[in-house]
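Enquirer: Structure below; questions to follow.
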Amino acid sequence: MMTAACAAAELKPVALLTEETIDDWEAVDAGGSGETEWLPDSNVFVIHMGEMLSGAVYQKAADLPLTHYEVTLEAKRMRGVDFFCGLTFPVGNLETCATLVLGGWGGSVTGLSCIDGLDAANNATGTFQRYEDDVWYAVKLRVTPENISMWLGEKKLIDQDIAGRKVGIREGGMESYVPFSLTTYNTTGAFRNLVVTPLPEKKAE
């Protein structure tokens, strides 16, 4: 029987925001959630402002690698003052997930929720970044069994060792968005060029 690791190794980069894959996303209606919109002329996915959390879950996450992978995307804030990009992703298995947050807690906190039960505003991954409206930001996230790293453009913001650490999502709504999703909080965000790329088991920095 082919293991999950072997299956992931055979995968090639998968583009998840295209005309062919957009139907694999399902919006979450949690009451007060903003609507989602696909703009086919520009291949842009928009999550409109809701009262709180808004977003969509990728329905074929089981076909993606669970570790030794990178996610690249571009995101921008169109309206609002809280996080415009919440990327929830699996860490080793579909039940263990974390969320990369860009622009949370009033528009600037960037980090992982959660490490050892602490969210991005309260753990070592959290930093303050200045984001402008209607500006595309390039994001790269790398997940291995030992580490989660993240770059904003060319700048490496997160280098978190996870061996022996508790990785999980933030309670209070994110449970509906596992294992792989895009979310915003009281903010309109736009996303494009989302690609998941498997990595060899050892990759040099």
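To be explicit about the labels: the chains of the structure tokens are called A, B, and onward in the order shown, and within each one the residues are counted from 1, while ligands get numbers from 1 in the order they are shown.
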Per DSSP on the backbone, what are the helix (DSSP H, G or I) residues of segment 135-179 of chain A, as a list of chain:residue names?

Expert: A:Met174, A:Glu175, A:Ser176, A:Tyr177

Enquirer: Output the selection as an mmCIF file, in the first residue's frame - C-alpha atoms for each residue.

Expert:
data_model
loop_
_atom_site.group_PDB
_atom_site.id
_atom_site.type_symbol
_atom_site.label_atom_id
_atom_site.label_comp_id
_atom_site.auth_asym_id
_atom_site.auth_seq_id
_atom_site.Cartn_x
_atom_site.Cartn_y
_atom_site.Cartn_z
ATOM 1 C CA MET A 174 -11.530 28.243 13.270
ATOM 2 C CA GLU A 175 -12.769 24.696 13.831
ATOM 3 C CA SER A 176 -15.040 25.115 10.799
ATOM 4 C CA TYR A 177 -12.070 25.954 8.550
#

Enquirer: So that I can see what lies close to segment 162-171 of chain A, please list as a PyMOL selection string the residues with an atom at most 6 Å from it, counting only C-alpha atoms and leaving out residues fewer than 5 positions away in the same chain.

Expert: chain A and resi 97-98+113-116+146-147

Enquirer: Considering only C-alpha atoms, can you say which of A:Ser42, A:Thr67, A:Thr18, A:Thr188 comes closest to Gly92 of chain A?

Expert: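 Smallest distance to Gly92 of chain A is found for A:Thr67.
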
Enquirer: Using only C-alpha atoms, find the one residue out of A:Phe191, A:Tyr137, A:Phe89, A:Tyr58 that sits nearest to Trp38 of chain A.

Expert: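 Counting only C-alpha atoms, the residue closest to Trp38 of chain A is A:Phe191.
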
Enquirer: From the list A:Thr183, A:Thr127, A:Thr21, A:Thr99, which residue is nearest Leu157 of chain A when using only C-alpha atoms?

Expert: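 Smallest separation from Leu157 of chain A among the options: A:Thr127.
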
Enquirer: Do a neighbour search on Pro145 of chain A at 12 Å with only C-alpha atoms, toss out local chain neighbours closer than 3 positions, and write the hits as number ranges by chain.

Expert: A: 5, 65-69, 90-93, 96, 142, 148-149, 160-165, 167, 199, 201-202

Enquirer: Could you save those same residues with C-alpha atoms as a compact mmCIF listing (two decimals), in the first residue's frame?

Expert:
# COMPACT_ATOMS: atom_id res chain seq x y z
CA ALA A 5 4.45 10.29 2.34
CA PRO A 65 0.92 16.76 1.06
CA LEU A 66 0.62 16.94 4.84
CA THR A 67 4.26 17.79 5.50
CA HIS A 68 7.37 18.58 3.44
CA TYR A 69 5.53 21.17 1.36
CA PRO A 90 -2.23 20.77 8.02
CA VAL A 91 0.91 19.99 9.99
CA GLY A 92 1.72 16.30 9.59
CA ASN A 93 -1.89 15.09 9.48
CA THR A 96 -3.29 18.85 13.40
CA ARG A 142 7.09 25.99 4.38
CA ILE A 148 7.26 25.95 10.06
CA SER A 149 8.76 28.92 8.21
CA GLN A 160 9.49 28.14 14.28
CA ASP A 161 10.80 24.75 15.37
CA ILE A 162 7.85 22.51 16.19
CA ALA A 163 9.48 19.29 17.38
CA GLY A 164 8.11 18.74 20.87
CA ARG A 165 5.74 21.72 20.59
CA VAL A 167 0.59 22.96 17.23
CA LEU A 199 9.29 19.24 -1.16
CA GLU A 201 12.35 15.27 2.59
CA LYS A 202 15.47 17.38 3.01

Enquirer: When you look at Ala124 of chain A with a cut-off of 10 Å (counting only C-alpha atoms), what residues show up, excluding the ones that are within fewer than 6 positions of it in the same chain? I need them as number ranges by chain.

Expert: A: 111-112, 115, 118, 158-160

Enquirer: Go through A:Asn122, A:Thr72, A:Ser181, A:Thr144 and flag the residue nearest Thr197 of chain A, using only C-alpha atoms for the distances.

Expert: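 Result for the nearest residue to Thr197 of chain A: A:Thr72.
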
Enquirer: Could you make a table, as CSV, of the residues of segment 47-132 of chain A that have an atom within 10 Å of an atom of segment 152-156 of chain A, each with its nearest atom pair and distance in Å to one decimal, counting only C-alpha atoms, in chain and number order?

Expert:
residue,atom,partner,partner_atom,distance
A:Glu74,CA,A:Gly153,CA,9.5
A:Leu102,CA,A:Leu152,CA,9.6
A:Thr110,CA,A:Leu152,CA,9.8
A:Gln129,CA,A:Leu152,CA,9.7
